[in-house]
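Containing mmCIF, C-alpha atoms, pLDDT in the B column; chains and numbers go by the auth columns: upload07.cif.
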data_query
#
loop_
_atom_site.group_PDB
_atom_site.id
_atom_site.type_symbol
_atom_site.label_atom_id
_atom_site.label_comp_id
_atom_site.label_asym_id
_atom_site.label_seq_id
_atom_site.Cartn_x
_atom_site.Cartn_y
_atom_site.Cartn_z
_atom_site.B_iso_or_equiv
_atom_site.auth_seq_id
_atom_site.auth_asym_id
ATOM 1 C CA MET A 1 -10.952 -0.941 2.921 71.00 1 A
ATOM 2 C CA GLU A 2 -10.157 -1.250 -0.775 77.00 2 A
ATOM 3 C CA SER A 3 -7.193 -1.393 -3.141 77.00 3 A
ATOM 4 C CA LEU A 4 -7.424 -0.835 -6.903 77.00 4 A
ATOM 5 C CA ASN A 5 -4.769 -1.689 -9.506 77.00 5 A
ATOM 6 C CA SER A 6 -2.516 -3.159 -6.816 79.00 6 A
ATOM 7 C CA LYS A 7 -1.407 -6.472 -5.354 82.00 7 A
ATOM 8 C CA LEU A 8 -2.367 -5.099 -1.937 86.00 8 A
ATOM 9 C CA ALA A 9 -5.722 -6.279 -0.603 89.00 9 A
ATOM 10 C CA ALA A 10 -8.253 -5.178 1.981 88.00 10 A
ATOM 11 C CA GLY A 11 -7.070 -6.489 5.353 89.00 11 A
ATOM 12 C CA ASP A 12 -3.340 -6.325 4.588 93.00 12 A
ATOM 13 C CA THR A 13 -1.320 -4.588 7.285 94.00 13 A
ATOM 14 C CA PHE A 14 2.028 -2.807 7.019 94.00 14 A
ATOM 15 C CA THR A 15 4.279 -0.090 8.410 96.00 15 A
ATOM 16 C CA CYS A 16 4.631 3.117 6.386 94.00 16 A
ATOM 17 C CA HIS A 17 6.358 6.333 7.448 93.00 17 A
ATOM 18 C CA GLN A 18 4.782 8.685 4.913 94.00 18 A
ATOM 19 C CA PHE A 19 2.333 8.866 2.016 91.00 19 A
ATOM 20 C CA VAL A 20 3.366 11.275 -0.763 94.00 20 A
ATOM 21 C CA ALA A 21 1.026 11.838 -3.729 94.00 21 A
ATOM 22 C CA ASP A 22 2.442 10.808 -7.108 96.00 22 A
ATOM 23 C CA GLU A 23 5.471 9.098 -5.492 96.00 23 A
ATOM 24 C CA PRO A 24 6.069 5.376 -4.801 95.00 24 A
ATOM 25 C CA LEU A 25 4.839 4.042 -1.451 92.00 25 A
ATOM 26 C CA TYR A 26 7.445 2.101 0.533 95.00 26 A
ATOM 27 C CA LEU A 27 5.959 -0.433 2.958 95.00 27 A
ATOM 28 C CA SER A 28 7.652 -2.633 5.519 96.00 28 A
ATOM 29 C CA ASN A 29 6.342 -5.504 7.639 96.00 29 A
ATOM 30 C CA LEU A 30 3.642 -6.256 5.055 95.00 30 A
ATOM 31 C CA THR A 31 1.308 -9.070 6.046 94.00 31 A
ATOM 32 C CA HIS A 32 -0.686 -10.545 3.154 90.00 32 A
ATOM 33 C CA PRO A 33 -2.363 -13.980 3.152 89.00 33 A
ATOM 34 C CA GLY A 34 -0.046 -16.700 1.865 89.00 34 A
ATOM 35 C CA ILE A 35 3.060 -14.494 1.722 89.00 35 A
ATOM 36 C CA PRO A 36 5.778 -14.338 4.412 92.00 36 A
ATOM 37 C CA LEU A 37 6.334 -10.979 6.172 93.00 37 A
ATOM 38 C CA CYS A 38 8.052 -8.732 3.617 94.00 38 A
ATOM 39 C CA ASN A 39 8.760 -5.234 2.291 95.00 39 A
ATOM 40 C CA TYR A 40 6.831 -3.881 -0.706 93.00 40 A
ATOM 41 C CA VAL A 41 6.867 -0.889 -3.056 94.00 41 A
ATOM 42 C CA ALA A 42 3.531 0.285 -4.477 89.00 42 A
ATOM 43 C CA GLY A 43 3.132 2.782 -7.290 90.00 43 A
ATOM 44 C CA GLN A 44 6.492 2.290 -8.968 91.00 44 A
ATOM 45 C CA ASN A 45 4.984 3.570 -12.233 91.00 45 A
ATOM 46 C CA GLY A 46 3.466 6.991 -11.613 92.00 46 A
ATOM 47 C CA GLY A 47 3.251 6.952 -7.831 93.00 47 A
ATOM 48 C CA ILE A 48 0.243 6.510 -5.557 90.00 48 A
ATOM 49 C CA LYS A 49 -3.056 8.311 -5.307 87.00 49 A
ATOM 50 C CA TRP A 50 -5.702 8.087 -2.597 83.00 50 A
ATOM 51 C CA LYS A 51 -9.022 9.520 -1.549 83.00 51 A
ATOM 52 C CA VAL A 52 -10.154 10.195 2.029 84.00 52 A
ATOM 53 C CA LEU A 53 -13.766 9.158 2.509 85.00 53 A
ATOM 54 C CA GLU A 54 -15.779 11.062 5.082 87.00 54 A
ATOM 55 C CA GLY A 55 -18.497 9.265 6.912 76.00 55 A
#

In structure tokens, what does this structure look like?
Amino acid sequence: MESLNSKLAAGDTFTCHQFVADEPLYLSNLTHPGIPLCNYVAGQNGGIKWKVLEG
């Protein structure tokens, strides 16, 4: 849906085994326009945060 302060973009797809608050997010099989299939680490400085939107 949305990505803030990240190189990830809405529509990117990836494989991720777990999301842990305040820890880096390790992604594999990332598909992003213009970039070959790759692995990616998000939140290297301070970890990741997210919000679940109801609705």

inquiry  = I'd like the residues picked by the PyMOL selection byres ((chain A and resi 13) around 6) written out as a ChimeraX atom specification, using the chain letters and numbers from the file.
reply    = /A:12,14,30-31

ask   = Distance CA of Thr15 (chain A)-CA of Asn39 (chain A), one decimal place?
value =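 CA of Asn39 (chain A) lies at a distance of 9.2 Å from CA of Thr15 (chain A).
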
task = Given the file shown, determine the residues that the PyMOL selection byres ((chain A and resi 25) around 10) selects; report them as JSON, numbers by chain.
result = {"A": [16, 17, 18, 19, 20, 21, 22, 23, 24, 26, 27, 40, 41, 42, 43, 44, 47, 48, 49]}

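Counting from CA of Asn45 (chain A), the distance to CA of Ala10 (chain A) is 21.3 Å.
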
request  = Return the single residue from A:Ala9, A:Trp50, A:Gly55, A:Glu2 that is closest to His32 (chain A), with distances computed using all atoms listed in the file.
outcome  =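 Smallest distance to His32 (chain A) is found for A:Ala9.
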
task = State, in Å with one decimal place, the distance from CA of Leu53 (chain A) to CA of Met1 (chain A).
result = 10.5 Å
